[in-house]
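Structure file work-v9.txt (compact mmCIF, C-alpha atoms and all ligand atoms) is printed below.
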# COMPACT_ATOMS: atom_id res chain seq x y z
CA MET A 184 17.04 25.56 -3.26
CA LYS A 185 17.76 21.90 -2.56
CA LYS A 186 15.13 19.64 -4.06
CA LYS A 187 13.21 17.00 -2.15
CA VAL A 188 10.60 15.01 -4.04
CA LEU A 189 7.55 13.30 -2.55
CA ILE A 190 6.35 10.39 -4.70
CA THR A 191 2.90 8.91 -4.12
CA GLY A 192 2.60 5.13 -4.41
CA THR A 193 5.42 2.61 -4.46
CA GLY A 194 4.65 0.79 -7.71
CA LEU A 195 6.58 0.14 -10.91
CA ILE A 196 7.09 3.74 -12.02
CA SER A 197 7.55 5.22 -8.52
CA LYS A 198 10.38 2.80 -7.76
CA HIS A 199 12.12 3.47 -11.06
CA ILE A 200 11.90 7.24 -10.68
CA SER A 201 13.23 7.00 -7.12
CA SER A 202 16.30 5.07 -8.27
CA LYS A 203 16.99 7.83 -10.83
CA LEU A 204 16.60 10.50 -8.15
CA GLU A 205 18.98 8.58 -5.91
CA LYS A 206 21.59 8.40 -8.68
CA GLU A 207 21.29 12.15 -9.17
CA GLY A 208 21.63 12.81 -5.45
CA ILE A 209 18.11 14.25 -5.18
CA GLU A 210 16.36 13.48 -1.90
CA PHE A 211 12.96 11.75 -2.05
CA SER A 212 10.37 9.99 0.05
CA PHE A 213 7.17 8.05 -0.63
CA LEU A 214 3.57 8.46 0.40
CA SER A 215 2.18 4.95 0.65
CA ARG A 216 -0.69 2.97 2.12
CA THR A 217 1.85 0.95 4.11
CA LYS A 218 5.10 1.78 5.87
CA THR A 219 7.85 -0.55 4.71
CA SER A 220 10.88 1.66 5.17
CA ASP A 221 12.03 4.85 6.88
CA ASN A 222 11.39 7.08 3.89
CA HIS A 223 7.81 5.84 3.53
CA TYR A 224 5.12 8.07 4.97
CA VAL A 225 1.64 6.68 5.36
CA TRP A 226 -1.63 8.08 4.06
CA ASP A 227 -5.16 6.81 4.27
CA ILE A 228 -7.15 8.37 1.48
CA GLU A 229 -10.59 7.24 2.64
CA ASN A 230 -10.03 8.71 6.09
CA SER A 231 -8.29 11.88 4.81
CA PHE A 232 -5.13 11.07 6.74
CA ILE A 233 -1.55 12.01 5.87
CA GLU A 234 1.26 11.18 8.31
CA GLU A 235 2.78 14.19 10.04
CA ASP A 236 6.12 15.27 8.54
CA ALA A 237 5.36 13.67 5.16
CA PHE A 238 5.77 17.09 3.55
CA HIS A 239 8.74 18.20 5.60
CA GLY A 240 11.20 19.90 3.24
CA ILE A 241 9.30 18.77 0.14
CA THR A 242 9.80 20.95 -2.95
CA ASP A 243 8.14 18.81 -5.65
CA ILE A 244 5.40 16.16 -5.80
CA ILE A 245 5.05 13.31 -8.25
CA HIS A 246 1.58 11.81 -7.93
CA LEU A 247 1.49 8.26 -9.29
CA ALA A 248 -0.71 6.38 -6.82
CA GLY A 249 -3.79 4.67 -8.19
CA ALA A 250 -5.39 1.23 -8.27
CA ASN A 251 -4.04 -0.85 -11.17
CA ILE A 252 -6.04 -0.43 -14.38
CA ALA A 253 -5.24 -3.81 -15.91
CA ASP A 254 -5.44 -6.07 -12.84
CA LYS A 255 -9.13 -6.88 -12.60
CA ARG A 256 -12.30 -6.85 -14.70
CA TRP A 257 -13.91 -3.42 -14.59
CA THR A 258 -16.89 -4.22 -12.39
CA LYS A 259 -18.80 -1.28 -10.88
CA LYS A 260 -16.81 -1.73 -7.66
CA VAL A 261 -13.45 -1.83 -9.46
CA LYS A 262 -14.33 1.25 -11.52
CA LYS A 263 -15.19 3.08 -8.33
CA GLU A 264 -11.79 2.19 -6.88
CA LEU A 265 -9.95 3.19 -10.08
CA ILE A 266 -11.62 6.59 -9.89
CA SER A 267 -11.49 7.24 -6.14
CA SER A 268 -7.86 6.14 -5.74
CA ARG A 269 -6.88 8.82 -8.25
CA ILE A 270 -9.38 11.63 -7.68
CA ASN A 271 -9.71 11.43 -3.90
CA SER A 272 -5.94 11.05 -3.48
CA THR A 273 -5.38 14.20 -5.57
CA LYS A 274 -8.05 16.03 -3.57
CA LEU A 275 -6.43 14.98 -0.30
CA LEU A 276 -2.95 16.07 -1.41
CA ILE A 277 -4.18 19.46 -2.53
CA LYS A 278 -6.29 20.03 0.56
CA HIS A 279 -3.33 19.11 2.77
CA ILE A 280 -0.92 21.39 0.89
CA LYS A 281 -3.30 24.33 0.93
CA SER A 282 -4.54 24.03 4.48
CA ASN A 283 -0.99 23.70 5.82
CA ASN A 284 0.27 26.47 3.55
CA ILE A 285 3.04 24.23 2.19
CA LYS A 286 5.15 25.84 -0.52
CA ILE A 287 5.94 23.56 -3.46
CA ASN A 288 7.44 24.23 -6.90
CA THR A 289 5.93 21.45 -8.95
CA PHE A 290 2.92 19.17 -8.80
CA ILE A 291 3.25 16.47 -11.43
CA THR A 292 0.42 14.03 -11.83
CA ALA A 293 0.38 10.89 -13.89
CA SER A 294 -2.36 10.52 -16.46
CA ALA A 295 -2.57 8.17 -19.42
CA ILE A 296 -2.83 8.22 -23.19
CA GLY A 297 -6.27 6.72 -22.55
CA TYR A 298 -7.28 10.39 -22.28
CA TYR A 299 -7.79 10.49 -26.07
CA GLY A 300 -10.14 7.49 -26.01
CA THR A 301 -9.20 3.88 -26.61
CA LYS A 302 -10.03 3.42 -30.30
CA THR A 303 -8.22 2.38 -33.45
CA THR A 304 -7.97 5.31 -35.83
CA GLU A 305 -5.40 6.80 -38.18
CA ASN A 306 -5.10 9.91 -35.97
CA ILE A 307 -1.85 10.80 -34.24
CA TYR A 308 -3.07 12.43 -31.04
CA THR A 309 -1.32 15.49 -29.66
CA GLU A 310 -1.75 17.22 -26.32
CA LYS A 311 -4.17 19.64 -28.00
CA ASP A 312 -6.69 16.94 -28.93
CA PRO A 313 -9.90 16.66 -26.94
CA LYS A 314 -10.68 13.83 -24.56
CA GLY A 315 -12.39 10.69 -25.80
CA ASP A 316 -15.73 9.43 -24.54
CA ASP A 317 -15.06 6.10 -22.87
CA PHE A 318 -14.41 5.11 -19.25
CA LEU A 319 -10.64 5.64 -19.34
CA SER A 320 -10.79 9.01 -21.06
CA GLU A 321 -13.33 10.21 -18.51
CA LEU A 322 -11.08 8.93 -15.70
CA CYS A 323 -7.99 10.67 -17.11
CA TYR A 324 -9.94 13.87 -17.71
CA LYS A 325 -11.24 14.02 -14.13
CA TRP A 326 -7.82 13.10 -12.74
CA GLU A 327 -6.09 15.90 -14.66
CA LYS A 328 -8.83 18.40 -13.86
CA GLU A 329 -8.50 17.68 -10.16
CA ALA A 330 -4.77 18.52 -10.35
CA ASP A 331 -5.62 21.92 -11.83
CA ASN A 332 -7.03 22.88 -8.43
CA ILE A 333 -3.49 23.55 -7.26
CA SER A 334 -2.47 25.70 -10.22
CA ASP A 335 -2.86 28.91 -8.20
CA TYR A 336 -0.26 27.51 -5.83
CA SER A 337 2.26 25.54 -7.89
CA ARG A 338 3.38 24.66 -11.40
CA VAL A 339 1.11 21.83 -12.58
CA ILE A 340 2.24 19.16 -15.04
CA LYS A 341 0.19 16.23 -16.33
CA VAL A 342 2.01 13.34 -17.96
CA ARG A 343 -0.09 11.21 -20.30
CA ILE A 344 1.78 7.94 -20.03
CA ALA A 345 1.83 5.28 -22.75
CA VAL A 346 2.22 1.53 -22.12
CA VAL A 347 5.36 1.30 -20.00
CA LEU A 348 7.89 -1.33 -21.05
CA SER A 349 10.20 -2.48 -18.28
CA GLN A 350 12.40 -5.43 -17.43
CA LYS A 351 10.28 -6.63 -14.53
CA GLY A 352 6.53 -6.16 -14.20
CA GLY A 353 4.11 -4.24 -16.38
CA ALA A 354 2.94 -5.02 -19.89
CA LEU A 355 6.13 -6.56 -21.31
CA THR A 356 6.25 -9.26 -18.64
CA LYS A 357 2.66 -10.20 -19.54
CA MET A 358 3.48 -10.27 -23.26
CA LYS A 359 6.75 -12.18 -23.14
CA ARG A 360 5.49 -15.04 -20.94
CA PRO A 361 3.24 -16.70 -23.57
CA ILE A 362 5.79 -16.04 -26.33
CA LYS A 363 8.47 -17.82 -24.30
CA ALA A 364 6.03 -20.73 -23.84
CA TYR A 365 5.36 -20.88 -27.62
CA ILE A 366 1.72 -19.83 -27.16
CA GLY A 367 2.08 -16.12 -27.78
CA THR A 368 0.41 -14.55 -30.79
CA THR A 369 -1.21 -11.44 -32.23
CA ILE A 370 -4.38 -10.12 -30.59
CA ALA A 371 -7.40 -9.74 -32.92
CA SER A 372 -6.39 -8.09 -36.22
CA GLY A 373 -3.11 -6.88 -34.71
CA LYS A 374 -3.69 -3.50 -36.35
CA GLN A 375 -4.42 -1.71 -33.08
CA TYR A 376 -1.55 0.63 -32.22
CA ILE A 377 0.30 0.28 -28.93
CA PRO A 378 1.81 3.59 -27.88
CA TRP A 379 4.75 2.55 -25.68
CA ILE A 380 7.66 3.98 -23.71
CA HIS A 381 10.80 2.48 -22.16
CA ILE A 382 10.68 2.95 -18.38
CA ASP A 383 14.09 4.62 -18.47
CA ASP A 384 12.80 7.33 -20.80
CA LEU A 385 9.64 7.75 -18.74
CA SER A 386 11.61 8.30 -15.53
CA ASP A 387 14.00 10.66 -17.33
CA ILE A 388 11.00 12.64 -18.60
CA PHE A 389 9.69 13.07 -15.05
CA LEU A 390 13.12 14.28 -13.93
CA TYR A 391 13.42 16.54 -16.97
CA LEU A 392 10.06 18.14 -16.20
CA ILE A 393 10.92 18.67 -12.55
CA LYS A 394 14.27 20.24 -13.31
CA ASN A 395 13.08 22.53 -16.12
CA ASN A 396 11.05 25.29 -14.56
CA LYS A 397 9.68 26.42 -17.89
CA THR A 398 7.76 23.19 -18.49
CA LYS A 399 4.08 23.11 -17.57
CA GLY A 400 0.75 21.72 -18.71
CA VAL A 401 0.24 18.42 -20.48
CA TYR A 402 2.93 16.16 -21.98
CA ASN A 403 2.52 12.87 -23.78
CA ALA A 404 5.12 10.38 -22.56
CA VAL A 405 5.36 8.06 -25.54
CA ALA A 406 8.27 6.84 -27.68
CA PRO A 407 8.73 8.26 -31.20
CA GLU A 408 8.26 4.97 -33.09
CA HIS A 409 4.66 3.90 -33.71
CA ILE A 410 3.95 0.18 -33.71
CA ASN A 411 0.87 -2.00 -33.72
CA ASN A 412 0.10 -5.17 -31.80
CA TYR A 413 1.24 -7.44 -34.65
CA GLN A 414 4.59 -5.65 -34.96
CA LEU A 415 5.20 -5.61 -31.22
CA THR A 416 4.43 -9.33 -30.88
CA LYS A 417 6.77 -10.09 -33.79
CA GLU A 418 9.56 -7.92 -32.36
CA ILE A 419 9.35 -9.53 -28.90
CA ALA A 420 9.41 -13.01 -30.47
CA ARG A 421 12.42 -12.04 -32.61
CA GLU A 422 14.33 -10.71 -29.62
CA LEU A 423 13.51 -13.85 -27.59
CA LYS A 424 14.37 -16.02 -30.61
CA LYS A 425 11.00 -17.78 -30.43
CA PRO A 426 8.65 -18.54 -33.31
CA ILE A 427 5.02 -17.39 -33.39
CA LEU A 428 3.20 -20.64 -34.11
CA LEU A 429 -0.45 -19.85 -33.40
CA PRO A 430 -2.95 -17.90 -35.51
CA ASN A 431 -4.31 -14.57 -34.24
CA ILE A 432 -6.62 -14.87 -31.23
CA PRO A 433 -10.01 -13.38 -32.10
CA GLY A 434 -11.07 -10.28 -30.18
CA PHE A 435 -14.22 -11.87 -28.74
CA VAL A 436 -12.07 -14.25 -26.65
CA PHE A 437 -10.56 -11.26 -24.85
CA LYS A 438 -13.99 -9.68 -24.48
CA LEU A 439 -15.22 -12.88 -22.82
CA ILE A 440 -12.26 -13.07 -20.46
CA PHE A 441 -11.75 -9.41 -19.59
CA GLY A 442 -15.11 -7.80 -20.35
CA GLU A 443 -14.97 -4.01 -20.90
CA MET A 444 -11.29 -3.93 -19.91
CA SER A 445 -10.42 -5.86 -23.10
CA ILE A 446 -10.63 -2.52 -24.91
CA ILE A 447 -7.07 -1.73 -23.82
CA LEU A 448 -5.86 -4.81 -25.70
CA LEU A 449 -8.14 -4.55 -28.69
CA LYS A 450 -7.97 -0.85 -29.60
CA GLY A 451 -5.33 1.83 -29.94
CA SER A 452 -4.21 4.87 -31.93
CA ARG A 453 -0.89 6.62 -32.34
CA VAL A 454 0.13 9.37 -29.93
CA SER A 455 2.66 12.12 -30.62
CA CYS A 456 5.78 12.90 -28.56
CA GLU A 457 6.65 16.02 -30.55
CA LYS A 458 5.93 18.48 -27.73
CA ILE A 459 8.42 17.03 -25.26
CA ILE A 460 11.06 16.67 -28.01
CA LYS A 461 10.54 20.27 -29.11
CA GLU A 462 10.96 21.39 -25.52
CA GLY A 463 14.36 19.71 -25.38
CA TYR A 464 13.97 16.10 -24.24
CA THR A 465 16.02 13.52 -26.16
CA PHE A 466 14.74 9.94 -26.14
CA LYS A 467 17.23 7.19 -25.29
CA TYR A 468 15.03 4.48 -26.81
CA LYS A 469 13.43 5.80 -29.98
CA SER A 470 12.74 2.46 -31.67
CA ILE A 471 11.05 -0.64 -30.30
CA SER A 472 13.99 -2.81 -31.36
CA SER A 473 16.46 -0.75 -29.27
CA ALA A 474 14.07 -0.81 -26.29
CA LEU A 475 13.52 -4.57 -26.48
CA LYS A 476 17.22 -5.30 -27.00
CA ASN A 477 17.86 -3.48 -23.73
CA LEU A 478 14.91 -4.89 -21.77
CA LEU A 479 15.10 -8.51 -22.90
CA LYS A 480 18.85 -8.95 -22.68
CA LYS A 481 20.00 -11.78 -20.45
CA PRO A 482 21.23 -10.54 -17.04
N1 LIG A 501 2.48 1.24 -16.08
C1 LIG A 501 1.87 1.70 -17.17
O1 LIG A 501 1.97 1.13 -18.29
C2 LIG A 501 1.04 2.97 -17.08
C3 LIG A 501 0.53 3.54 -18.25
C4 LIG A 501 -0.26 4.69 -18.18
C5 LIG A 501 -0.51 5.27 -16.93
N2 LIG A 501 0.00 4.69 -15.82
C6 LIG A 501 -0.36 5.32 -14.51
O2 LIG A 501 0.81 5.69 -13.79
C7 LIG A 501 0.61 5.47 -12.39
C8 LIG A 501 1.72 4.59 -11.86
O3 LIG A 501 1.74 3.38 -12.64
P1 LIG A 501 2.48 2.06 -12.15
O4 LIG A 501 2.62 1.15 -13.31
O5 LIG A 501 3.68 2.41 -11.36
O6 LIG A 501 1.35 1.47 -11.19
P2 LIG A 501 1.45 0.34 -10.08
O7 LIG A 501 2.73 -0.44 -10.21
O8 LIG A 501 0.17 -0.41 -10.12
O9 LIG A 501 1.57 1.19 -8.73
C9 LIG A 501 0.59 2.06 -8.30
C10 LIG A 501 0.77 2.31 -6.81
O10 LIG A 501 -0.35 3.04 -6.36
C11 LIG A 501 -0.68 2.66 -5.03
N3 LIG A 501 -2.08 2.17 -5.02
C12 LIG A 501 -2.58 1.02 -5.53
N4 LIG A 501 -3.90 0.93 -5.30
C13 LIG A 501 -4.23 2.03 -4.59
C14 LIG A 501 -5.44 2.51 -4.03
N5 LIG A 501 -6.58 1.82 -4.14
N6 LIG A 501 -5.42 3.69 -3.37
C15 LIG A 501 -4.26 4.40 -3.26
N7 LIG A 501 -3.08 3.99 -3.74
C16 LIG A 501 -3.07 2.83 -4.41
C17 LIG A 501 0.25 1.52 -4.64
O11 LIG A 501 1.30 2.03 -3.81
P3 LIG A 501 1.27 1.77 -2.21
O12 LIG A 501 1.01 0.32 -2.04
O13 LIG A 501 2.62 2.20 -1.78
O14 LIG A 501 0.20 2.62 -1.63
C18 LIG A 501 0.80 1.04 -5.97
O15 LIG A 501 2.08 0.50 -5.84
C19 LIG A 501 -0.77 4.84 -12.23
O16 LIG A 501 -1.68 5.79 -11.79
C20 LIG A 501 -1.10 4.34 -13.62
O17 LIG A 501 -2.48 4.35 -13.90
C21 LIG A 501 0.76 3.57 -15.84
Will you turn the file into structure tokens for me?
Ligand SMILES: NC(=O)c1ccc[n+]([C@@H]2O[C@H](COP(=O)([O-])OP(=O)(O)OC[C@H]3O[C@@H](n4cnc5c(N)ncnc54)[C@H](OP(=O)(O)O)[C@@H]3O)[C@@H](O)[C@H]2O)c1
Amino acid sequence: MKKKVLITGTGLISKHISSKLEKEGIEFSFLSRTKTSDNHYVWDIENSFIEEDAFHGITDIIHLAGANIADKRWTKKVKKELISSRINSTKLLIKHIKSNNIKINTFITASAIGYYGTKTTENIYTEKDPKGDDFLSELCYKWEKEADNISDYSRVIKVRIAVVLSQKGGALTKMKRPIKAYIGTTIASGKQYIPWIHIDDLSDIFLYLIKNNKTKGVYNAVAPEHINNYQLTKEIARELKKPILLPNIPGFVFKLIFGEMSIILLKGSRVSCEKIIKEGYTFKYKSISSALKNLLKKP
């Protein structure tokens, strides 16, 4: 059966996955809050609206929509939006699929490595580990659990995504800017791990999961090499041929600026990618140096 993928949201990862699908000749369309092109269908989560025909011919769904986690301080209002944009959107998708009796093969939802709790430990978390007990782990847990409500209907896959490194946008853009301006440096002790993944590998993993009918359940999407904040800062500076001149910035500065959200900069443990490797996926960018060489090369 010819595949047609519906991707929710039109952000960093959605766009990258769609360009991969295009290269492979797989049809796709987007479900977005705004219509900016012919293959964009509109939905309004608050008002439980999905444009007619959005699901026409759809065989697989990749659910990536959600308010950005690292954009704003986590006020009560922002937290509510972070939760509702993920949970209510999943609810709406599932309700729509079930009530219209739409047949789909795969429902893949994004989740995040924040599932395990944002803390610095010596653990290497696998898919079998329990959830943590902070805001992000609770959010990821609820998000994943909501997706399970379609498991009687479709194959369900949950991808716990690490920090995505890409050429434009996302975490790397934020990290390279100060380094280029000679004001970049290590955050706090620098010992907090930063599980990361090259956007090319992440998109390939989504395609791999869609194409391989045997895959299901939870997968960590994280590169094999473990690095901490100090090592990542040093590697970016080396690739950009810039010196690190400043001393470490103490953690309390980030707490003052970002409040509770600073946890994602100040804490982190290692996360394992063994499951996806064992099931046959081969990483293109295994080491941070190969990923940065590719992402920071001059156009
Ligand atoms: N990038 C990372 O490092 C990373 C790491 C772990 C997990 N993730 C997760 O993976 C997913 C995709 O990440 P991304 O980096 O591509 O995110 P992104 O660039 O921020 O894009 C998310 C998209 O979701 C839609 N959206 C934004 N706010 C929304 C709201 N309030 N209600 C409904 N839809 C909304 C938007 O698309 P429209 O404007 O078209 O509606 C937006 O472009 C997210 O859920 C994110 O939490 C990302």
Point (3.8, 7.6, 10.5) neighbourhood (7 Å, only C-alpha atoms) written as a count of residues only: 4
Selected residue, from A:Leu265, A:Ala295, A:Val347, A:Ile427, that lies nearest to Leu385 (chain A) when counting all atoms listed in the file: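 Ranked by minimum distance to Leu385 (chain A), first place goes to A:Val347.
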Nearest candidate to Phe238 (chain A) (options A:Ser197, A:Tyr299, A:Asn284, A:Ile209; using all atoms listed in the file):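 Answer, going by the shortest atom-to-atom distance: A:Asn284.
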Pick from A:Leu449, A:Ile377, A:Leu195, A:Val339, whichever lies nearest to Thr289 (chain A) using only C-alpha atoms: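 Closest residue, counting only C-alpha atoms: A:Val339.
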Kindly provide, as AutoDock Vina command-line options, the centre and edge lengths (Å, one decimal) of an axis-aligned box around all atoms of region 413-423 of chain A given in the file, with 5 Å on each side.
--center_x 7.8 --center_y -9.7 --center_z -31.3 --size_x 23.1 --size_y 18.2 --size_z 17.4
Test item: residues no farther than 6 Å from ligand LIG 501 (chain A), counting all atoms listed in the file, as a PyMOL selection string: chain A and resi 192-197+215-216+247-252+264+268+293-295+344-347+353
One-decimal distance in Å that lies between CA of Ile382 (chain A) and CA of Ser349 (chain A):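 These two atoms are separated by 5.5 Å.
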Proximity to Trp326 (chain A) - best of A:Ile393, A:Ile370, A:Leu478, A:Ile340, all atoms listed in the file: A:Ile340
Å distance separating CA of Asp383 (chain A) from CA of Lys480 (chain A), one decimal place: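 Pair CA of Asp383 (chain A) / CA of Lys480 (chain A) returns 15.0 Å.
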Nearest to Glu408 (chain A), chosen from A:Ile277, A:Ile432, A:Val454, A:Ile446, with all atoms listed in the file counted in the distances: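 The closest residue to Glu408 (chain A) is A:Val454.
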Residue with smallest distance to Pro378 (chain A) - pool A:Ala237, A:Glu321, A:Ile410, A:Ala364, counting all atoms listed in the file: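 When distances to Pro378 (chain A) are compared using all atoms listed in the file, the smallest one comes from A:Ile410.
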